[in-house]
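Just data-v9.txt here, compact mmCIF, C-alpha atoms:
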# COMPACT_ATOMS: atom_id res chain seq x y z
CA MET A 1 16.78 20.62 -27.74
CA TRP A 2 20.36 20.25 -26.45
CA TRP A 3 19.52 17.18 -24.36
CA LYS A 4 17.98 15.43 -27.38
CA LEU A 5 21.21 15.98 -29.31
CA LEU A 6 23.15 14.77 -26.28
CA LEU A 7 20.94 11.67 -26.09
CA PHE A 8 21.44 10.98 -29.80
CA LEU A 9 25.22 11.35 -29.66
CA GLY A 10 25.51 9.54 -26.32
CA MET A 11 23.42 6.54 -27.38
CA SER A 12 25.22 6.32 -30.77
CA ALA A 13 28.60 6.41 -29.02
CA MET A 14 27.47 3.83 -26.44
CA ILE A 15 26.30 1.48 -29.23
CA VAL A 16 29.62 1.77 -31.12
CA VAL A 17 31.72 1.40 -27.96
CA SER A 18 29.68 -1.56 -26.59
CA PHE A 19 30.36 -3.56 -29.77
CA THR A 20 34.00 -2.60 -30.27
CA VAL A 21 35.81 -1.73 -27.03
CA PRO A 22 35.23 -4.26 -24.19
CA ALA A 23 36.69 -7.73 -24.61
CA PRO A 24 34.07 -10.51 -24.78
CA GLN A 25 33.26 -12.18 -21.46
CA PRO A 26 35.46 -15.33 -21.10
CA THR A 27 32.67 -17.89 -20.47
CA ILE A 28 29.81 -16.67 -22.69
CA GLY A 29 31.83 -14.84 -25.37
CA GLU A 30 30.49 -12.15 -27.73
CA SER A 31 26.86 -12.73 -26.65
CA SER A 32 27.78 -10.98 -23.37
CA ARG A 33 27.47 -7.64 -25.26
CA ILE A 34 23.67 -7.97 -25.17
CA PHE A 35 24.01 -7.21 -21.44
CA TYR A 36 24.38 -3.46 -22.27
CA TYR A 37 20.85 -3.50 -23.78
CA HIS A 38 18.97 -6.30 -22.00
CA ILE A 39 19.45 -5.10 -18.41
CA PRO A 40 18.59 -1.42 -19.15
CA GLN A 41 15.42 -2.62 -20.97
CA ALA A 42 14.43 -4.72 -17.94
CA TRP A 43 15.22 -1.74 -15.65
CA ILE A 44 12.96 0.57 -17.71
CA CYS A 45 10.23 -2.07 -17.52
CA VAL A 46 10.38 -1.99 -13.68
CA LEU A 47 10.62 1.83 -13.60
CA ALA A 48 7.63 2.26 -15.94
CA PHE A 49 5.45 -0.19 -14.01
CA ALA A 50 6.41 1.58 -10.75
CA MET A 51 5.42 4.93 -12.31
CA ALA A 52 2.10 3.39 -13.46
CA MET A 53 1.48 2.38 -9.85
CA VAL A 54 2.37 5.83 -8.46
CA TYR A 55 0.09 7.63 -10.96
CA SER A 56 -2.68 5.11 -10.22
CA ILE A 57 -2.45 5.94 -6.49
CA GLN A 58 -2.53 9.64 -7.39
CA TYR A 59 -5.62 9.05 -9.54
CA LEU A 60 -7.42 7.26 -6.71
CA ARG A 61 -6.56 10.11 -4.32
CA THR A 62 -7.51 13.01 -6.60
CA LYS A 63 -9.81 11.51 -9.30
CA ASN A 64 -7.90 13.66 -11.78
CA GLN A 65 -8.20 12.00 -15.21
CA SER A 66 -4.73 13.13 -16.32
CA PHE A 67 -3.16 10.80 -13.72
CA ASP A 68 -5.03 7.89 -15.29
CA ASP A 69 -3.66 8.91 -18.72
CA ARG A 70 -0.13 9.01 -17.29
CA ALA A 71 -0.55 5.61 -15.61
CA ALA A 72 -1.74 4.10 -18.92
CA SER A 73 1.17 5.68 -20.86
CA ALA A 74 3.70 4.41 -18.31
CA ALA A 75 2.21 0.90 -18.37
CA ALA A 76 2.17 0.87 -22.20
CA LEU A 77 5.84 1.87 -22.39
CA GLY A 78 6.65 -0.62 -19.63
CA LEU A 79 5.02 -3.35 -21.68
CA VAL A 80 7.00 -2.33 -24.79
CA PHE A 81 10.30 -2.44 -22.86
CA CYS A 82 9.24 -5.74 -21.24
CA ILE A 83 8.74 -7.22 -24.74
CA LEU A 84 12.15 -5.84 -25.81
CA ALA A 85 13.80 -7.37 -22.71
CA THR A 86 12.12 -10.70 -23.51
CA LEU A 87 13.30 -10.59 -27.14
CA SER A 88 16.88 -9.62 -26.28
CA GLY A 89 16.87 -12.29 -23.55
CA SER A 90 15.73 -14.97 -25.95
CA ILE A 91 18.45 -14.00 -28.47
CA PHE A 92 20.96 -14.45 -25.62
CA ALA A 93 19.30 -17.80 -24.72
CA LYS A 94 19.61 -19.02 -28.32
CA VAL A 95 23.31 -18.15 -28.52
CA THR A 96 24.20 -19.42 -25.03
CA TRP A 97 21.80 -22.30 -24.31
CA GLY A 98 20.88 -23.30 -27.91
CA SER A 99 17.18 -22.48 -27.79
CA PHE A 100 15.18 -19.24 -27.90
CA TRP A 101 12.86 -20.39 -25.10
CA ASN A 102 13.64 -22.87 -22.29
CA TRP A 103 10.94 -22.08 -19.68
CA ASP A 104 13.76 -21.07 -17.38
CA PRO A 105 12.42 -19.40 -14.14
CA ARG A 106 13.55 -15.98 -15.44
CA GLU A 107 11.79 -16.54 -18.79
CA THR A 108 8.66 -17.89 -17.10
CA SER A 109 8.48 -14.95 -14.69
CA ILE A 110 8.83 -12.32 -17.45
CA PHE A 111 6.17 -14.20 -19.46
CA ILE A 112 3.78 -14.02 -16.47
CA LEU A 113 4.59 -10.29 -16.15
CA LEU A 114 3.70 -9.77 -19.84
CA LEU A 115 0.38 -11.55 -19.25
CA ILE A 116 -0.38 -9.45 -16.14
CA TYR A 117 0.20 -6.14 -17.94
CA GLY A 118 -1.47 -7.42 -21.12
CA ALA A 119 -4.54 -8.04 -18.95
CA TYR A 120 -4.30 -4.41 -17.70
CA PHE A 121 -4.94 -3.20 -21.26
CA ALA A 122 -7.65 -5.83 -21.81
CA LEU A 123 -9.36 -4.45 -18.70
CA ARG A 124 -9.05 -0.86 -19.96
CA GLY A 125 -10.51 -1.90 -23.30
CA ALA A 126 -13.42 -3.75 -21.70
CA VAL A 127 -14.83 -0.88 -19.59
CA GLU A 128 -16.57 1.92 -21.46
CA THR A 129 -17.31 4.47 -18.73
CA GLU A 130 -14.24 6.67 -18.31
CA GLU A 131 -14.36 7.06 -14.51
CA ARG A 132 -15.08 3.39 -13.92
CA ARG A 133 -12.29 2.36 -16.32
CA ALA A 134 -9.83 4.69 -14.59
CA ALA A 135 -10.77 3.50 -11.08
CA LEU A 136 -10.68 -0.22 -11.94
CA SER A 137 -7.41 -0.02 -13.86
CA ALA A 138 -5.82 2.09 -11.09
CA VAL A 139 -6.61 -0.60 -8.51
CA TYR A 140 -5.40 -3.29 -10.93
CA ALA A 141 -2.11 -1.40 -11.64
CA ILE A 142 -1.39 -1.15 -7.89
CA PHE A 143 -1.90 -4.89 -7.35
CA ALA A 144 -0.06 -5.72 -10.58
CA PHE A 145 3.05 -3.87 -9.37
CA VAL A 146 3.16 -5.95 -6.19
CA THR A 147 4.08 -8.92 -8.41
CA VAL A 148 6.94 -7.06 -10.21
CA PRO A 149 9.69 -7.25 -7.52
CA PHE A 150 8.59 -10.80 -6.73
CA LEU A 151 8.71 -11.97 -10.37
CA ILE A 152 11.83 -10.05 -11.43
CA PHE A 153 14.03 -10.14 -8.32
CA VAL A 154 12.80 -12.95 -6.03
CA VAL A 155 11.63 -15.93 -8.15
CA PRO A 156 14.74 -16.20 -10.38
CA ARG A 157 16.98 -16.16 -7.27
CA VAL A 158 14.96 -18.70 -5.29
CA VAL A 159 14.48 -21.28 -8.05
CA PRO A 160 17.64 -22.72 -9.74
CA SER A 161 18.10 -20.93 -13.08
CA LEU A 162 20.41 -20.94 -16.10
CA HIS A 163 20.24 -17.14 -16.18
CA PRO A 164 23.46 -15.37 -15.02
CA ALA A 165 22.66 -14.13 -11.50
CA ASP A 166 25.69 -11.97 -10.74
CA SER A 167 26.04 -9.87 -13.92
CA VAL A 168 25.92 -6.57 -12.00
CA VAL A 169 26.47 -7.34 -8.31
CA ASP A 170 27.42 -10.52 -6.45
CA LYS A 171 25.74 -12.00 -3.35
CA ASN A 172 27.54 -9.44 -1.14
CA LEU A 173 26.19 -6.60 -3.35
CA LYS A 174 29.70 -5.83 -4.70
CA PHE A 175 30.14 -4.85 -8.35
CA THR A 176 31.32 -7.79 -10.45
CA MET A 177 32.19 -5.65 -13.50
CA GLY A 178 35.51 -4.09 -14.40
CA THR A 179 35.78 -0.28 -14.64
CA GLN A 180 35.42 -0.16 -18.43
CA VAL A 181 32.35 -2.43 -18.54
CA ARG A 182 30.82 -0.58 -15.57
CA LEU A 183 31.23 2.77 -17.33
CA ILE A 184 29.52 1.54 -20.54
CA PHE A 185 26.80 -0.26 -18.57
CA PHE A 186 25.84 2.74 -16.41
CA SER A 187 25.99 5.08 -19.45
CA SER A 188 23.55 2.73 -21.18
CA LEU A 189 21.31 2.68 -18.09
CA ILE A 190 21.20 6.50 -17.95
CA LEU A 191 20.66 6.87 -21.73
CA PHE A 192 17.83 4.30 -21.78
CA THR A 193 16.20 6.11 -18.83
CA LEU A 194 16.43 9.43 -20.71
CA LEU A 195 14.95 7.81 -23.83
CA TYR A 196 12.08 6.36 -21.79
CA LEU A 197 11.35 9.71 -20.10
CA TRP A 198 11.28 11.43 -23.51
CA MET A 199 8.84 8.81 -24.87
CA PHE A 200 6.70 9.10 -21.72
CA TRP A 201 6.63 12.91 -21.96
CA LEU A 202 5.66 12.71 -25.65
CA ALA A 203 2.88 10.19 -24.97
CA ASN A 204 1.43 12.47 -22.28
CA ARG A 205 1.52 15.53 -24.52
CA VAL A 206 -0.30 13.62 -27.28
CA GLN A 207 -2.84 12.40 -24.72
CA SER A 208 -3.51 15.92 -23.41
CA ILE A 209 -4.04 17.22 -26.98
CA VAL A 210 -6.56 14.40 -27.59
CA ARG A 211 -8.30 15.18 -24.29
CA ARG A 212 -8.52 18.92 -25.05
CA ARG A 213 -9.99 18.17 -28.48
CA GLU A 214 -12.54 15.78 -26.98
CA GLU A 215 -13.59 18.40 -24.43
CA ARG A 216 -13.94 21.03 -27.17
CA ASP A 217 -16.05 18.83 -29.53
CA MET B 218 32.20 -9.89 -42.47
CA ASP B 219 32.57 -10.01 -38.66
CA GLY B 220 29.15 -10.69 -37.08
CA ASN B 221 29.89 -8.05 -34.45
CA TYR B 222 29.95 -5.30 -37.08
CA VAL B 223 26.70 -6.56 -38.63
CA ALA B 224 25.02 -6.43 -35.18
CA LEU B 225 26.54 -2.96 -34.62
CA GLY B 226 25.18 -1.72 -37.97
CA VAL B 227 21.68 -3.09 -37.33
CA THR B 228 21.57 -1.62 -33.79
CA LEU B 229 22.76 1.79 -35.04
CA ALA B 230 20.19 1.77 -37.88
CA VAL B 231 17.36 0.93 -35.45
CA TRP B 232 18.49 3.68 -33.05
CA ILE B 233 18.80 6.34 -35.80
CA GLY B 234 15.36 5.36 -37.16
CA LEU B 235 13.77 5.53 -33.69
CA PHE B 236 15.44 8.86 -32.90
CA LEU B 237 14.30 10.45 -36.18
CA TYR B 238 10.74 9.19 -35.61
CA LEU B 239 10.63 10.59 -32.06
CA PHE B 240 12.22 13.88 -33.15
CA ARG B 241 9.63 14.37 -35.93
CA LEU B 242 6.81 13.38 -33.59
CA ASP B 243 8.06 15.89 -31.01
CA LYS B 244 8.03 18.65 -33.65
CA ARG B 245 4.52 17.71 -34.81
CA VAL B 246 3.21 17.65 -31.22
CA LYS B 247 4.73 21.10 -30.65
CA GLN B 248 2.89 22.43 -33.72
CA LEU B 249 -0.40 20.93 -32.51
CA GLU B 250 0.12 22.41 -29.04
CA ARG B 251 0.59 25.86 -30.60
CA LYS B 252 -2.60 25.44 -32.67
CA ASN B 253 -4.62 24.43 -29.63
As structure tokens:
Amino acid sequence: MWWKLLLFLGMSAMIVVSFTVPAPQPTIGESSRIFYYHIPQAWICVLAFAMAMVYSIQYLRTKNQSFDDRAASAAALGLVFCILATLSGSIFAKVTWGSFWNWDPRETSIFILLLIYGAYFALRGAVETEERRAALSAVYAIFAFVTVPFLIFVVPRVVPSLHPADSVVDKNLKFTMGTQVRLIFFSSLILFTLLYLWMFWLANRVQSIVRRREERD
Amino acid sequence: MDGNYVALGVTLAVWIGLFLYLFRLDKRVKQLERKN
């Protein structure tokens, strides 16, 4: 209970502070504030897809159906946060570059990622047998995650892009942010992670209730 | 009105709405878990 209250107050405070306290970034202005939301959303997307891969490996090792449920919940939340990161990114693109979508390498790679994980759910929907669905989607989730670091971290740095590349760290892996911005940014990162874990935990509890009911009927 | 405050208000409203939804869902799930 206490941590939910802490999450509520912390996130509310972070939202107010992110819009009122730090000065706008000199080159991109007020639109730089989206950074406190866009990067944590993209981080949750990577975390959730990684968790989907880990639970898929666990499913293949144990054949325990609950691991498949967890992998599906993690992938679903990852997809939601991926869509949110895409939307917040295109708002930033509109303000900074004048268009919501430019087929910039970063935009193209997140679009491909959305298609890959969209296909994961198409695959789950297409197979009726539970064990077969779980096994096929577990293998798919493992291969799908291989593309995540490549699409999110490698492609946008190899191909010339309009997207700011050194928002968090520079080429020498040194923090580019001032103390105030760093504090708000990492608070946002922690709070978004907590929010994701809460949503993931809730999704799993709902799934186990459904499973228990199915077994009983 | 300053656009920053409009964006702040919208973001806060979305967050409060999401939190209330998750909080109610959590309570409902707890009730269902007790029943089962």
Please compute the CA of Val148 in chain A-CA of Gly89 in chain A distance, one decimal, in Å. 17.4 Å
Could you list, as a VMD selection string, the residues of chain B having an atom within 10 Å of chain A when counting all atoms listed in the file? chain B and resid 220 to 222 224 to 226 228 to 230 232 to 233 236 to 237 239 to 240 242 to 243 245 to 247 249 to 250 253
Non-local contacts of Ala135 in chain A (9 Å; only C-alpha atoms; under 6 positions in same chain excluded) as a PDB file with C-alpha atoms, in the frame of the given file:
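Listed below is the output, around_8.pdb:
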ATOM      1  CA  SER A  56      -2.680   5.110 -10.220  1.00  0.00           C
ATOM      2  CA  TYR A  59      -5.620   9.050  -9.540  1.00  0.00           C
ATOM      3  CA  LEU A  60      -7.420   7.260  -6.710  1.00  0.00           C
ATOM      4  CA  LYS A  63      -9.810  11.510  -9.300  1.00  0.00           C
ATOM      5  CA  ASP A  68      -5.030   7.890 -15.290  1.00  0.00           C
TER       6      ASP A  68
END
Could you tell me how far CA of Met53 in chain A sits from CA of Ala138 in chain A, in Å to one decimal place? 7.4 Å
Dig up all the protein and nucleic acid residues within 12 Å of (-11.8, 7.8, -16.3) in the file frame, using all atoms listed in the file, and format them as a ChimeraX atom specification. /A:56,59-60,62-72,124,127-138,211
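What separates CA of Phe35 in chain A from CA of Ile116 in chain A is a distance of 25.1 Å.
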